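Enquirer: Structure supplied as work.cif; contents: mmCIF, C-alpha atoms and all ligand atoms.
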data_coords
#
loop_
_atom_site.label_atom_id
_atom_site.label_comp_id
_atom_site.auth_asym_id
_atom_site.auth_seq_id
_atom_site.Cartn_x
_atom_site.Cartn_y
_atom_site.Cartn_z
CA MET A 291 -22.28 -5.44 -7.66
CA ARG A 292 -22.29 -9.15 -8.55
CA ILE A 293 -20.07 -10.27 -11.45
CA LEU A 294 -20.25 -13.88 -12.65
CA ILE A 295 -17.29 -15.26 -14.63
CA THR A 296 -18.65 -18.43 -16.17
CA ASN A 297 -17.80 -21.10 -18.74
CA ILE A 298 -14.28 -21.36 -17.27
CA GLY A 299 -12.52 -24.32 -18.89
CA GLU A 300 -9.83 -24.61 -16.21
CA LEU A 301 -10.09 -22.84 -12.86
CA THR A 302 -7.09 -22.70 -10.52
CA THR A 303 -8.56 -22.27 -7.03
CA ASN A 304 -5.52 -23.11 -4.82
CA THR A 305 -8.09 -24.40 -2.35
CA PRO A 306 -7.18 -25.04 0.33
CA ALA A 307 -4.73 -22.16 -0.06
CA ASP A 308 -2.00 -24.02 1.80
CA PRO A 309 -2.73 -27.71 1.17
CA GLU A 310 -1.04 -30.45 3.13
CA ARG A 311 1.53 -31.77 0.73
CA VAL A 312 0.24 -35.14 -0.39
CA GLU A 313 2.26 -36.98 -3.01
CA GLY A 314 0.62 -36.61 -6.40
CA ALA A 315 -1.93 -34.06 -5.13
CA ASP A 316 -2.85 -31.12 -7.37
CA PRO A 317 -1.54 -28.03 -5.58
CA CYS A 318 -3.77 -25.84 -7.77
CA GLY A 319 -7.13 -27.32 -6.71
CA THR A 320 -8.24 -27.40 -10.36
CA LEU A 321 -11.92 -27.29 -11.40
CA HIS A 322 -13.27 -27.66 -14.95
CA ASP A 323 -16.45 -26.14 -16.49
CA ALA A 324 -16.55 -23.81 -13.51
CA ALA A 325 -17.85 -20.38 -12.56
CA VAL A 326 -16.81 -17.72 -10.04
CA LEU A 327 -19.11 -15.13 -8.50
CA ILE A 328 -17.57 -11.84 -7.37
CA GLU A 329 -19.59 -9.71 -4.97
CA ASP A 330 -18.09 -6.29 -4.35
CA ASP A 331 -14.43 -6.85 -3.44
CA ARG A 332 -14.70 -10.53 -2.49
CA ILE A 333 -15.24 -13.95 -4.03
CA ALA A 334 -18.79 -14.96 -3.07
CA TRP A 335 -19.16 -18.38 -4.72
CA VAL A 336 -17.16 -20.97 -6.71
CA GLY A 337 -18.63 -24.05 -8.37
CA PRO A 338 -19.87 -25.79 -11.54
CA ALA A 339 -20.97 -23.41 -14.31
CA ASP A 340 -24.32 -25.25 -14.52
CA ASP A 341 -25.15 -24.28 -10.92
CA ALA A 342 -24.01 -20.65 -11.19
CA PRO A 343 -26.15 -18.05 -9.38
CA ASP A 344 -27.55 -14.89 -11.01
CA ALA A 345 -25.43 -11.77 -11.30
CA ASP A 346 -25.59 -8.14 -12.46
CA GLU A 347 -22.91 -8.78 -15.06
CA VAL A 348 -21.91 -12.04 -16.75
CA VAL A 349 -18.48 -12.59 -18.30
CA ASP A 350 -18.20 -15.58 -20.65
CA ALA A 351 -14.71 -17.09 -20.33
CA ALA A 352 -15.41 -19.20 -23.44
CA GLY A 353 -13.61 -22.25 -22.07
CA ARG A 354 -10.42 -20.41 -21.18
CA ALA A 355 -8.34 -20.63 -17.98
CA VAL A 356 -8.76 -18.50 -14.84
CA ILE A 357 -6.14 -18.20 -12.10
CA PRO A 358 -5.77 -16.12 -8.91
CA GLY A 359 -3.94 -12.82 -9.37
CA PHE A 360 -0.18 -13.21 -8.93
CA VAL A 361 1.26 -12.23 -5.55
CA ASP A 362 4.71 -10.78 -6.22
CA SER A 363 6.24 -10.86 -2.74
CA HIS A 364 9.63 -9.30 -3.54
CA SER A 365 10.32 -6.12 -5.50
CA HIS A 366 12.41 -2.95 -5.34
CA LEU A 367 10.23 -0.61 -7.40
CA VAL A 368 11.17 2.82 -6.05
CA PHE A 369 14.42 3.94 -7.64
CA GLY A 370 15.92 6.40 -10.10
CA GLY A 371 17.87 5.63 -13.28
CA ASP A 372 18.69 2.19 -14.61
CA ARG A 373 21.79 0.02 -15.14
CA ALA A 374 21.48 -1.04 -18.74
CA ALA A 375 25.21 -0.53 -19.35
CA GLU A 376 26.08 -2.75 -16.36
CA PHE A 377 23.74 -5.46 -17.69
CA GLU A 378 25.30 -5.24 -21.13
CA ALA A 379 28.80 -5.56 -19.65
CA ARG A 380 27.71 -8.50 -17.49
CA MET A 381 26.37 -10.33 -20.50
CA GLN A 382 29.86 -9.88 -21.96
CA GLY A 383 31.48 -11.54 -18.97
CA GLN A 384 31.63 -9.10 -16.05
CA LYS A 385 30.59 -10.62 -12.70
CA TYR A 386 27.61 -9.37 -10.64
CA ALA A 387 28.56 -7.91 -7.23
CA ALA A 388 26.41 -6.39 -4.48
CA GLY A 389 28.25 -3.04 -4.76
CA GLY A 390 26.50 -2.13 -8.04
CA ILE A 391 23.55 -1.06 -5.90
CA ARG A 392 25.44 2.15 -5.06
CA SER A 393 25.03 3.60 -8.58
CA THR A 394 21.24 3.31 -8.24
CA VAL A 395 21.48 4.98 -4.83
CA ALA A 396 23.00 8.10 -6.39
CA ALA A 397 20.25 8.28 -9.06
CA THR A 398 17.51 7.69 -6.49
CA ARG A 399 18.74 10.39 -4.09
CA GLY A 400 18.72 12.82 -7.02
CA ALA A 401 15.15 12.05 -8.14
CA SER A 402 12.11 14.03 -6.92
CA ASP A 403 9.12 12.41 -5.21
CA ASP A 404 7.04 13.02 -8.32
CA GLU A 405 9.63 11.42 -10.59
CA LEU A 406 9.82 8.35 -8.35
CA ARG A 407 6.02 8.23 -8.04
CA ALA A 408 5.50 8.33 -11.82
CA ARG A 409 8.07 5.59 -12.32
CA LEU A 410 6.46 3.46 -9.61
CA ARG A 411 3.00 3.81 -11.15
CA GLY A 412 4.39 2.79 -14.52
CA PHE A 413 5.82 -0.41 -13.05
CA LEU A 414 2.56 -1.20 -11.27
CA ASP A 415 0.62 -0.75 -14.51
CA GLU A 416 2.91 -3.12 -16.40
CA MET A 417 2.65 -5.67 -13.56
CA LEU A 418 -1.14 -5.48 -13.49
CA ALA A 419 -1.25 -6.03 -17.25
CA GLN A 420 0.72 -9.25 -16.64
CA GLY A 421 -1.66 -10.46 -13.93
CA THR A 422 0.00 -9.25 -10.73
CA THR A 423 -2.59 -7.97 -8.23
CA THR A 424 -0.45 -7.76 -5.07
CA VAL A 425 3.11 -6.50 -4.88
CA GLU A 426 5.52 -6.08 -1.99
CA ILE A 427 7.85 -3.08 -2.34
CA LYS A 428 11.15 -2.53 -0.53
CA SER A 429 13.12 0.63 0.15
CA GLY A 430 16.90 0.32 0.00
CA TYR A 431 18.09 2.72 -2.69
CA GLY A 432 18.18 5.74 -0.39
CA LEU A 433 20.54 4.56 2.35
CA ASP A 434 20.28 7.90 4.14
CA LEU A 435 17.56 8.85 6.56
CA ALA A 436 15.68 11.33 4.39
CA THR A 437 15.68 9.22 1.23
CA GLU A 438 14.79 5.94 2.93
CA GLU A 439 11.84 7.72 4.58
CA ARG A 440 10.75 9.00 1.15
CA LEU A 441 10.95 5.52 -0.39
CA VAL A 442 8.84 3.74 2.23
CA ARG A 443 6.35 6.63 2.20
CA LEU A 444 5.99 6.48 -1.61
CA ALA A 445 5.66 2.68 -1.51
CA ALA A 446 2.97 2.95 1.16
CA GLU A 447 0.90 5.08 -1.23
CA VAL A 448 0.40 2.03 -3.48
CA THR A 449 0.65 -1.14 -1.34
CA PRO A 450 0.23 -2.26 2.28
CA GLU A 451 3.20 -4.62 1.77
CA VAL A 452 6.03 -2.17 2.43
CA THR A 453 9.48 -3.32 3.55
CA PHE A 454 12.13 -1.14 5.15
CA LEU A 455 15.45 -2.27 3.66
CA GLY A 456 17.81 0.44 4.90
CA ALA A 457 20.30 -2.44 5.31
CA HIS A 458 20.49 -3.18 1.59
CA VAL A 459 24.19 -2.35 1.28
CA VAL A 460 26.59 -0.09 3.22
CA PRO A 461 26.58 3.28 1.42
CA ALA A 462 29.87 4.71 0.10
CA GLU A 463 30.04 7.40 2.79
CA TYR A 464 30.15 4.63 5.45
CA ALA A 465 32.77 2.50 3.64
CA ASP A 466 34.63 0.37 6.25
CA ARG A 467 32.26 1.69 8.94
CA GLY A 468 29.48 -0.86 8.54
CA ASP A 469 28.72 -1.04 12.26
CA GLU A 470 28.21 2.73 12.38
CA TYR A 471 25.80 2.49 9.45
CA VAL A 472 23.90 -0.24 11.28
CA ASP A 473 23.65 2.16 14.25
CA LEU A 474 21.87 4.61 11.93
CA VAL A 475 19.62 1.95 10.36
CA THR A 476 18.54 0.59 13.75
CA GLY A 477 18.20 4.06 15.27
CA ALA A 478 16.97 7.27 13.66
CA MET A 479 16.36 5.72 10.23
CA LEU A 480 14.17 3.00 11.69
CA ASP A 481 12.28 5.62 13.73
CA ALA A 482 11.52 7.54 10.52
CA CYS A 483 10.61 4.51 8.37
CA ALA A 484 8.78 2.13 10.72
CA PRO A 485 5.48 4.08 10.64
CA HIS A 486 5.22 3.45 6.86
CA ALA A 487 6.35 -0.19 6.83
CA LYS A 488 5.07 -3.68 7.68
CA TRP A 489 8.35 -5.53 7.17
CA ILE A 490 12.05 -5.25 8.10
CA ASP A 491 14.61 -6.79 5.72
CA VAL A 492 18.40 -7.08 5.48
CA PHE A 493 20.82 -8.25 2.76
CA CYS A 494 22.79 -10.84 4.76
CA GLU A 495 25.61 -11.59 2.35
CA THR A 496 29.37 -11.14 1.89
CA GLY A 497 29.78 -7.58 0.57
CA ALA A 498 26.59 -6.42 2.31
CA PHE A 499 25.90 -7.19 6.02
CA THR A 500 27.44 -9.79 8.36
CA VAL A 501 25.31 -12.19 10.38
CA PRO A 502 25.75 -10.20 13.65
CA GLN A 503 24.87 -6.95 11.83
CA SER A 504 21.87 -8.62 10.21
CA ARG A 505 20.66 -9.86 13.59
CA ARG A 506 20.87 -6.34 15.00
CA VAL A 507 18.83 -4.93 12.10
CA LEU A 508 16.13 -7.59 12.29
CA GLU A 509 15.83 -7.51 16.08
CA ALA A 510 15.57 -3.70 16.07
CA GLY A 511 12.79 -3.89 13.46
CA ILE A 512 10.94 -6.58 15.41
CA ALA A 513 11.15 -4.42 18.54
CA ARG A 514 9.40 -1.66 16.55
CA GLY A 515 6.59 -4.00 15.48
CA LEU A 516 7.91 -4.87 12.01
CA GLN A 517 7.99 -8.47 10.81
CA PRO A 518 11.25 -9.95 9.50
CA ARG A 519 12.20 -11.19 6.02
CA VAL A 520 15.77 -11.73 4.81
CA HIS A 521 17.82 -11.60 1.60
CA ALA A 522 20.36 -14.42 2.02
CA SER A 523 22.51 -17.06 0.30
CA GLN A 524 22.31 -15.30 -3.09
CA LEU A 525 26.01 -15.08 -3.89
CA GLY A 526 27.35 -17.87 -1.67
CA PRO A 527 26.47 -20.03 1.35
CA GLY A 528 26.08 -18.33 4.73
CA GLU A 529 24.22 -18.33 8.02
CA GLY A 530 21.40 -16.04 6.87
CA VAL A 531 18.86 -18.84 6.49
CA GLN A 532 19.47 -20.11 10.02
CA LEU A 533 19.12 -16.55 11.35
CA ALA A 534 15.87 -16.06 9.43
CA VAL A 535 14.37 -19.28 10.76
CA GLU A 536 15.51 -18.53 14.31
CA LEU A 537 13.81 -15.11 14.22
CA GLY A 538 10.62 -16.48 12.65
CA ALA A 539 11.02 -14.63 9.34
CA ALA A 540 8.08 -14.86 6.94
CA SER A 541 10.47 -15.47 4.06
CA ILE A 542 14.08 -15.95 3.11
CA ASP A 543 14.65 -14.73 -0.40
CA HIS A 544 17.16 -15.98 -3.00
CA GLY A 545 18.49 -19.19 -1.38
CA THR A 546 20.67 -19.99 -4.37
CA TYR A 547 23.31 -21.62 -2.14
CA LEU A 548 21.67 -23.76 0.55
CA THR A 549 23.25 -26.41 2.76
CA ASP A 550 21.34 -29.55 3.75
CA ALA A 551 21.02 -28.05 7.24
CA ASP A 552 19.42 -24.92 5.70
CA VAL A 553 16.88 -27.04 3.82
CA ASP A 554 16.07 -29.07 6.96
CA ALA A 555 15.64 -25.89 9.02
CA LEU A 556 13.31 -24.37 6.41
CA ALA A 557 11.25 -27.55 6.11
CA ALA A 558 10.70 -27.60 9.88
CA SER A 559 9.71 -23.90 9.97
CA ASP A 560 6.96 -21.52 8.80
CA THR A 561 9.54 -19.57 6.79
CA VAL A 562 8.89 -19.52 3.05
CA LEU A 563 11.78 -19.78 0.59
CA THR A 564 11.16 -17.19 -2.11
CA LEU A 565 12.74 -18.11 -5.41
CA LEU A 566 13.69 -15.26 -7.75
CA PRO A 567 14.32 -16.87 -11.16
CA GLY A 568 14.82 -13.52 -12.88
CA VAL A 569 17.98 -12.98 -10.81
CA GLU A 570 19.73 -16.15 -11.90
CA PHE A 571 18.57 -15.49 -15.44
CA SER A 572 19.93 -11.93 -15.49
CA THR A 573 23.18 -12.60 -13.62
CA ARG A 574 24.03 -16.01 -15.14
CA GLN A 575 24.24 -17.52 -11.66
CA PRO A 576 23.34 -21.18 -11.17
CA TYR A 577 19.66 -21.78 -10.46
CA PRO A 578 18.62 -23.15 -7.07
CA ASP A 579 17.10 -26.63 -7.25
CA ALA A 580 13.44 -26.10 -6.40
CA ARG A 581 12.83 -29.88 -6.58
CA ARG A 582 15.18 -30.41 -3.64
CA LEU A 583 13.23 -27.81 -1.61
CA ILE A 584 9.72 -28.95 -2.51
CA ASP A 585 10.56 -32.62 -2.03
CA ALA A 586 11.95 -31.78 1.43
CA GLY A 587 8.67 -30.06 2.36
CA VAL A 588 9.77 -26.42 2.12
CA THR A 589 7.04 -23.91 1.17
CA VAL A 590 8.25 -21.98 -1.86
CA ALA A 591 7.16 -18.73 -3.49
CA ILE A 592 8.18 -17.22 -6.83
CA ALA A 593 8.70 -13.46 -7.15
CA CYS A 594 10.25 -11.13 -9.74
CA ASP A 595 12.67 -9.16 -7.52
CA THR A 596 12.14 -6.30 -9.96
CA ASN A 597 15.19 -4.07 -9.56
CA PRO A 598 17.55 -2.25 -11.92
CA GLY A 599 20.61 -4.36 -11.10
CA SER A 600 20.02 -8.10 -10.91
CA SER A 601 16.50 -8.65 -12.32
CA PHE A 602 14.71 -5.97 -14.31
CA THR A 603 11.70 -8.06 -15.29
CA SER A 604 8.27 -7.39 -13.81
CA SER A 605 6.70 -10.46 -15.41
CA MET A 606 5.49 -13.25 -13.15
CA PRO A 607 4.66 -15.41 -16.21
CA PHE A 608 8.28 -15.08 -17.33
CA CYS A 609 9.52 -16.09 -13.87
CA ILE A 610 7.14 -19.08 -13.89
CA ALA A 611 8.51 -20.18 -17.26
CA VAL A 612 12.10 -19.99 -16.00
CA ALA A 613 11.24 -21.80 -12.74
CA VAL A 614 9.67 -24.64 -14.69
CA ARG A 615 12.51 -24.93 -17.20
CA ASP A 616 15.54 -24.27 -15.01
CA MET A 617 14.45 -24.90 -11.40
CA ARG A 618 12.64 -28.16 -12.20
CA MET A 619 9.24 -27.15 -10.86
CA THR A 620 6.07 -28.57 -12.37
CA VAL A 621 3.83 -25.96 -14.01
CA ALA A 622 1.22 -26.47 -11.28
CA GLU A 623 3.85 -26.01 -8.54
CA ALA A 624 5.18 -22.85 -10.18
CA ILE A 625 1.75 -21.25 -10.54
CA HIS A 626 0.88 -22.22 -6.97
CA ALA A 627 4.20 -20.68 -5.81
CA ALA A 628 3.48 -17.45 -7.73
CA THR A 629 0.04 -17.06 -6.13
CA ALA A 630 -0.55 -18.99 -2.88
CA GLY A 631 3.20 -19.16 -2.22
CA GLY A 632 3.52 -15.38 -2.49
CA ALA A 633 0.57 -14.96 -0.13
CA ALA A 634 2.28 -17.26 2.41
CA ALA A 635 5.50 -15.26 2.04
CA LEU A 636 3.51 -12.14 2.99
CA ARG A 637 1.58 -13.98 5.73
CA ARG A 638 -1.68 -13.11 3.95
CA THR A 639 -4.73 -15.38 4.15
CA ASP A 640 -7.05 -13.20 2.02
CA ILE A 641 -5.21 -13.47 -1.33
CA GLY A 642 -3.57 -16.16 -3.49
CA ALA A 643 -6.65 -18.37 -3.92
CA ILE A 644 -10.10 -18.27 -5.51
CA ALA A 645 -12.49 -19.32 -2.76
CA PRO A 646 -15.45 -17.74 -0.96
CA GLY A 647 -14.33 -14.89 1.29
CA MET A 648 -11.03 -14.27 -0.48
CA ARG A 649 -10.30 -10.92 -2.12
CA ALA A 650 -11.58 -10.91 -5.70
CA ASP A 651 -8.17 -10.79 -7.42
CA VAL A 652 -8.82 -12.85 -10.54
CA VAL A 653 -7.02 -13.26 -13.88
CA LEU A 654 -8.64 -14.53 -17.09
CA LEU A 655 -6.07 -15.93 -19.51
CA LYS A 656 -6.24 -15.91 -23.29
CA SER A 657 -5.39 -19.64 -23.29
CA THR A 658 -7.49 -22.66 -22.31
CA SER A 659 -4.74 -23.93 -19.98
CA ARG A 660 -2.47 -22.32 -17.39
CA VAL A 661 0.34 -24.46 -18.84
CA HIS A 662 0.66 -21.86 -21.59
CA LEU A 663 2.22 -19.48 -19.03
CA ALA A 664 5.36 -21.65 -19.11
CA TYR A 665 4.86 -23.15 -22.56
CA ARG A 666 4.68 -19.77 -24.36
CA PRO A 667 7.35 -17.67 -22.61
CA GLY A 668 7.33 -13.95 -23.38
CA VAL A 669 3.84 -14.02 -24.91
CA PRO A 670 1.20 -11.71 -23.36
CA LEU A 671 -1.43 -14.22 -22.22
CA VAL A 672 -3.46 -12.14 -19.76
CA ASP A 673 -6.87 -11.15 -21.15
CA ALA A 674 -8.59 -9.56 -18.13
CA VAL A 675 -7.76 -8.77 -14.49
CA TRP A 676 -10.08 -8.00 -11.58
CA LYS A 677 -8.41 -6.39 -8.55
CA ASP A 678 -10.57 -6.24 -5.41
CA GLY A 679 -13.55 -7.05 -7.63
CA VAL A 680 -12.95 -4.15 -10.02
CA ARG A 681 -12.01 -4.76 -13.63
CA ALA A 682 -8.48 -3.35 -13.86
CA VAL A 683 -7.31 -4.70 -17.24
ZN ZN B 1 15.76 -8.14 -3.54
#
Would you write out, as structure tokens, the structure that this file holds?
Ligand SMILES: [Zn+2]
Expert:
Amino acid sequence: MRILITNIGELTTNTPADPERVEGADPCGTLHDAAVLIEDDRIAWVGPADDAPDADEVVDAAGRAVIPGFVDSHSHLVFGGDRAAEFEARMQGQKYAAGGIRSTVAATRGASDDELRARLRGFLDEMLAQGTTTVEIKSGYGLDLATEERLVRLAAEVTPEVTFLGAHVVPAEYADRGDEYVDLVTGAMLDACAPHAKWIDVFCETGAFTVPQSRRVLEAGIARGLQPRVHASQLGPGEGVQLAVELGAASIDHGTYLTDADVDALAASDTVLTLLPGVEFSTRQPYPDARRLIDAGVTVAIACDTNPGSSFTSSMPFCIAVAVRDMRMTVAEAIHAATAGGAAALRRTDIGAIAPGMRADVVLLKSTSRVHLAYRPGVPLVDAVWKDGVRAV
């Protein structure tokens, strides 16, 4: 099956997917009056609309913008209940703390597989409708062996990007016995979860896990063939970034409080800094300065961190709008970070760009420019989505 999307007014290719950062260069690899040929599940050709090859089906973009599908590299989509009351109280002045996770743990343990599965599919549908074609999903609301195994197994039904986050927070039954909980996470729980997961993650933060505990978790996961990624420096400065870089993590996520040494270490590494603008928005924390990171040469990604506590949005366009307004990114940088940046954070070379050989994950916008994604926050701007070459929206 050959599908030609033609008459594209503005095509974001992100080619090359990870461009050398040249001052003033367009990170989006923009083409005008362009066409894209999809053949089966891959991009087969990209070029001027006038030179477009024949196809079985032709889609007229009518001068509108086309971008790669969003790669949302950080989410917590398998959970029970919600925390609307906590959000409401926070907006009235209560502070966000890592311990709130425990209320979601109770609701998740009490939910059946089918309840969690239906919820998960609902989130994926709403993400797809907003242009997200790849999503990473973490466990971390079970915090006992049986429930963590269920969460990674359910996540693996819908994405290859599954992260075992048994070390999300110390559960109530292990209060003041964090090291014993880490024994469980790095032992029997890891044995049960590793077969379903690609990634190992830990919340390295005051109130969650110390640096030595985090190191144990990550090293145990690496020994089982999982690749590391780290939640760090969300609520205050710490040594999580240095640990992540030392262990070759694909990504450090949050990074709200970074020292100059952290920024230098990231810039000299292959570790992506994943910005989660929905978190600062929903917790009224200060936004990290993306300009400082990008100007230092750090590769950045944008993700939603969809979760019931600190960021219950599933909208990459919303996160792009916030990153542009409050993290000082250009629109082109933000869209690149939400597509190619997410792919880099997942160490994927087959998504995040529109170029021959890449997976055919393509989004046709209702607007003639991708700028509208930041310029018209909250407005549904996605007209059509192809996922692996199949029309999904
Ligand atoms: Zn998270």
Enquirer: For each of A:Asp350, A:Glu376, A:Asp595, A:Asp434, take the minimum atom-to-atom distance to ligand ZN 1 (chain B), counting all atoms listed in the file, then give the residue where this is smallest.
Expert: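 That would be A:Asp595, the residue with the smallest distance to ligand ZN 1 (chain B).
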Enquirer: Using all atoms listed in the file, which residues of the polymer chains come no farther than 10 Å from ligand ZN 1 (chain B)? I'd like the answer as a list of chain:residue names.
Expert: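 The residues within 10 Å of ligand ZN 1 (chain B), counting all atoms listed in the file, are A:Ser363, A:His364, A:Ser365, A:His366, A:Ile427, A:Lys428, A:Ser429, A:Gly430, A:Leu455, A:His458, A:Asp491, A:Val492, A:Phe493, A:Val520, A:His521, A:Ala522, A:Gln524, A:Asp543, A:His544, A:Leu566, A:Val569, A:Ala593, A:Cys594, A:Asp595, A:Thr596, A:Asn597, A:Gly599, A:Ser600, A:Ser601.
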Enquirer: Go through A:Asp678, A:Met648, A:Met606, A:Asn304 and flag the residue nearest A:Asp316, using only C-alpha atoms for the distances.
Expert: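 Checking each candidate against A:Asp316, we get A:Asn304 as the closest.
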Enquirer: Ranking A:Ala465, A:Val349, A:Val621, A:Val612 by minimum distance to A:Gly668 and counting only C-alpha atoms, which one comes first?
Expert: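 Using only C-alpha atoms, the shortest distance to A:Gly668 belongs to A:Val612.
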Enquirer: Compile the contact shell of A:Val368 as a compact mmCIF listing (two decimals) with C-alpha atoms, in the frame of the given file: residues with an atom at most 7 Å away, counting all atoms listed in the file, same-chain residues fewer than 6 positions apart removed.
Expert:
# COMPACT_ATOMS: atom_id res chain seq x y z
CA LEU A 406 9.82 8.35 -8.35
CA LEU A 410 6.46 3.46 -9.61
CA SER A 429 13.12 0.63 0.15
CA LEU A 441 10.95 5.52 -0.39
Enquirer: Do you have the atom CA of A:Arg638-atom CA of A:Gly359 distance handy?
Expert: 13.5 Å
Enquirer: Which is closest to A:Gly337 among A:Val661, A:Val361, A:Ala635, A:Pro646, if we use all atoms listed in the file?
Expert: A:Pro646
Enquirer: Between A:Leu508, A:Val459, A:Leu414, A:Val562, which has the minimum distance to A:Ser393 (counting all atoms listed in the file)?
Expert: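 Among the listed residues, the smallest separation from A:Ser393 belongs to A:Val459.
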Enquirer: A:Leu663, A:Val356, A:Ile512, A:Leu294: which is nearest A:Ala334, counting only C-alpha atoms?
Expert: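 Ranked by minimum distance to A:Ala334, first place goes to A:Leu294.
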Enquirer: Every residue with an atom at most 10 Å from (22.9, -27.3, 4.1) (file coordinates; all atoms listed in the file) is what I'm after, so could you write them as a ChimeraX atom specification?
Expert: /A:527-529,531-532,547-555
Enquirer: Can you pull out the residues contacting A:Lys385? Cut-off 12 Å, using all atoms listed in the file, and skip same-chain residues under 2 positions away; I want them as a list in words.
Expert: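 Returned residues: Glu376, Phe377, Glu378, Ala379, Arg380, Met381, Gln382, Gly383, Ala387, Ala388, Gly389, Gly390, Leu525, Ser572, Thr573, Arg574, Gln575, Gly599 and Ser600 of chain A.
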Enquirer: List the neighbours of A:Ile333 out to 12 Å using only C-alpha atoms; skip same-chain residues closer than 3 positions along the sequence, and give me the result as a PDB file with C-alpha atoms, keeping the file's coordinate frame.
Expert:
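After the write, result-v3.pdb holds the following:
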ATOM      1  CA  MET A 291     -22.280  -5.440  -7.660  1.00  0.00           C
ATOM      2  CA  ARG A 292     -22.290  -9.150  -8.550  1.00  0.00           C
ATOM      3  CA  ILE A 293     -20.070 -10.270 -11.450  1.00  0.00           C
ATOM      4  CA  LEU A 294     -20.250 -13.880 -12.650  1.00  0.00           C
ATOM      5  CA  ILE A 295     -17.290 -15.260 -14.630  1.00  0.00           C
ATOM      6  CA  THR A 303      -8.560 -22.270  -7.030  1.00  0.00           C
ATOM      7  CA  ALA A 325     -17.850 -20.380 -12.560  1.00  0.00           C
ATOM      8  CA  VAL A 326     -16.810 -17.720 -10.040  1.00  0.00           C
ATOM      9  CA  LEU A 327     -19.110 -15.130  -8.500  1.00  0.00           C
ATOM     10  CA  ILE A 328     -17.570 -11.840  -7.370  1.00  0.00           C
ATOM     11  CA  GLU A 329     -19.590  -9.710  -4.970  1.00  0.00           C
ATOM     12  CA  ASP A 330     -18.090  -6.290  -4.350  1.00  0.00           C
ATOM     13  CA  VAL A 336     -17.160 -20.970  -6.710  1.00  0.00           C
ATOM     14  CA  GLY A 337     -18.630 -24.050  -8.370  1.00  0.00           C
ATOM     15  CA  PRO A 358      -5.770 -16.120  -8.910  1.00  0.00           C
ATOM     16  CA  ASP A 640      -7.050 -13.200   2.020  1.00  0.00           C
ATOM     17  CA  ILE A 641      -5.210 -13.470  -1.330  1.00  0.00           C
ATOM     18  CA  GLY A 642      -3.570 -16.160  -3.490  1.00  0.00           C
ATOM     19  CA  ALA A 643      -6.650 -18.370  -3.920  1.00  0.00           C
ATOM     20  CA  ILE A 644     -10.100 -18.270  -5.510  1.00  0.00           C
ATOM     21  CA  ALA A 645     -12.490 -19.320  -2.760  1.00  0.00           C
ATOM     22  CA  PRO A 646     -15.450 -17.740  -0.960  1.00  0.00           C
ATOM     23  CA  GLY A 647     -14.330 -14.890   1.290  1.00  0.00           C
ATOM     24  CA  MET A 648     -11.030 -14.270  -0.480  1.00  0.00           C
ATOM     25  CA  ARG A 649     -10.300 -10.920  -2.120  1.00  0.00           C
ATOM     26  CA  ALA A 650     -11.580 -10.910  -5.700  1.00  0.00           C
ATOM     27  CA  ASP A 651      -8.170 -10.790  -7.420  1.00  0.00           C
ATOM     28  CA  VAL A 652      -8.820 -12.850 -10.540  1.00  0.00           C
ATOM     29  CA  TRP A 676     -10.080  -8.000 -11.580  1.00  0.00           C
ATOM     30  CA  LYS A 677      -8.410  -6.390  -8.550  1.00  0.00           C
ATOM     31  CA  ASP A 678     -10.570  -6.240  -5.410  1.00  0.00           C
ATOM     32  CA  GLY A 679     -13.550  -7.050  -7.630  1.00  0.00           C
ATOM     33  CA  VAL A 680     -12.950  -4.150 -10.020  1.00  0.00           C
TER      34      VAL A 680
END
Enquirer: Just to confirm, what's the straight-line distance from atom CA of A:Cys494 to atom CA of A:Ala478 in Å (one decimal)?
Expert: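 Rounded to one decimal, the two atoms are 21.0 Å apart.
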Enquirer: I'd like the contact shell of A:Leu321 - 9 Å cut-off, all atoms listed in the file, skipping same-chain residues fewer than 2 positions apart - returned as a list in words.
Expert: Ile298, Gly299, Glu300, Leu301, Thr302, Thr303, Gly319, Asp323, Ala324, Gly337 and Pro338 of chain A
Enquirer: Using atom CA of A:Leu563 and atom CA of A:Asp415 as the two end points, give the distance in Å to one decimal.
Expert: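 Between atom CA of A:Leu563 and atom CA of A:Asp415 the gap works out to 26.7 Å.
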Enquirer: With 7 Å as the threshold, what does the neighbourhood of (6.3, -7.1, 7.8) contain in terms of residues, counting all atoms listed in the file? Coordinates are those of the file; answer as a PDB file with C-alpha atoms, in the coordinates of the input.
Expert:
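Saved to selection.pdb:
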ATOM      1  CA  THR A 453       9.480  -3.320   3.550  1.00  0.00           C
ATOM      2  CA  ALA A 487       6.350  -0.190   6.830  1.00  0.00           C
ATOM      3  CA  LYS A 488       5.070  -3.680   7.680  1.00  0.00           C
ATOM      4  CA  TRP A 489       8.350  -5.530   7.170  1.00  0.00           C
ATOM      5  CA  ILE A 490      12.050  -5.250   8.100  1.00  0.00           C
ATOM      6  CA  LEU A 516       7.910  -4.870  12.010  1.00  0.00           C
ATOM      7  CA  GLN A 517       7.990  -8.470  10.810  1.00  0.00           C
ATOM      8  CA  PRO A 518      11.250  -9.950   9.500  1.00  0.00           C
TER       9      PRO A 518
END
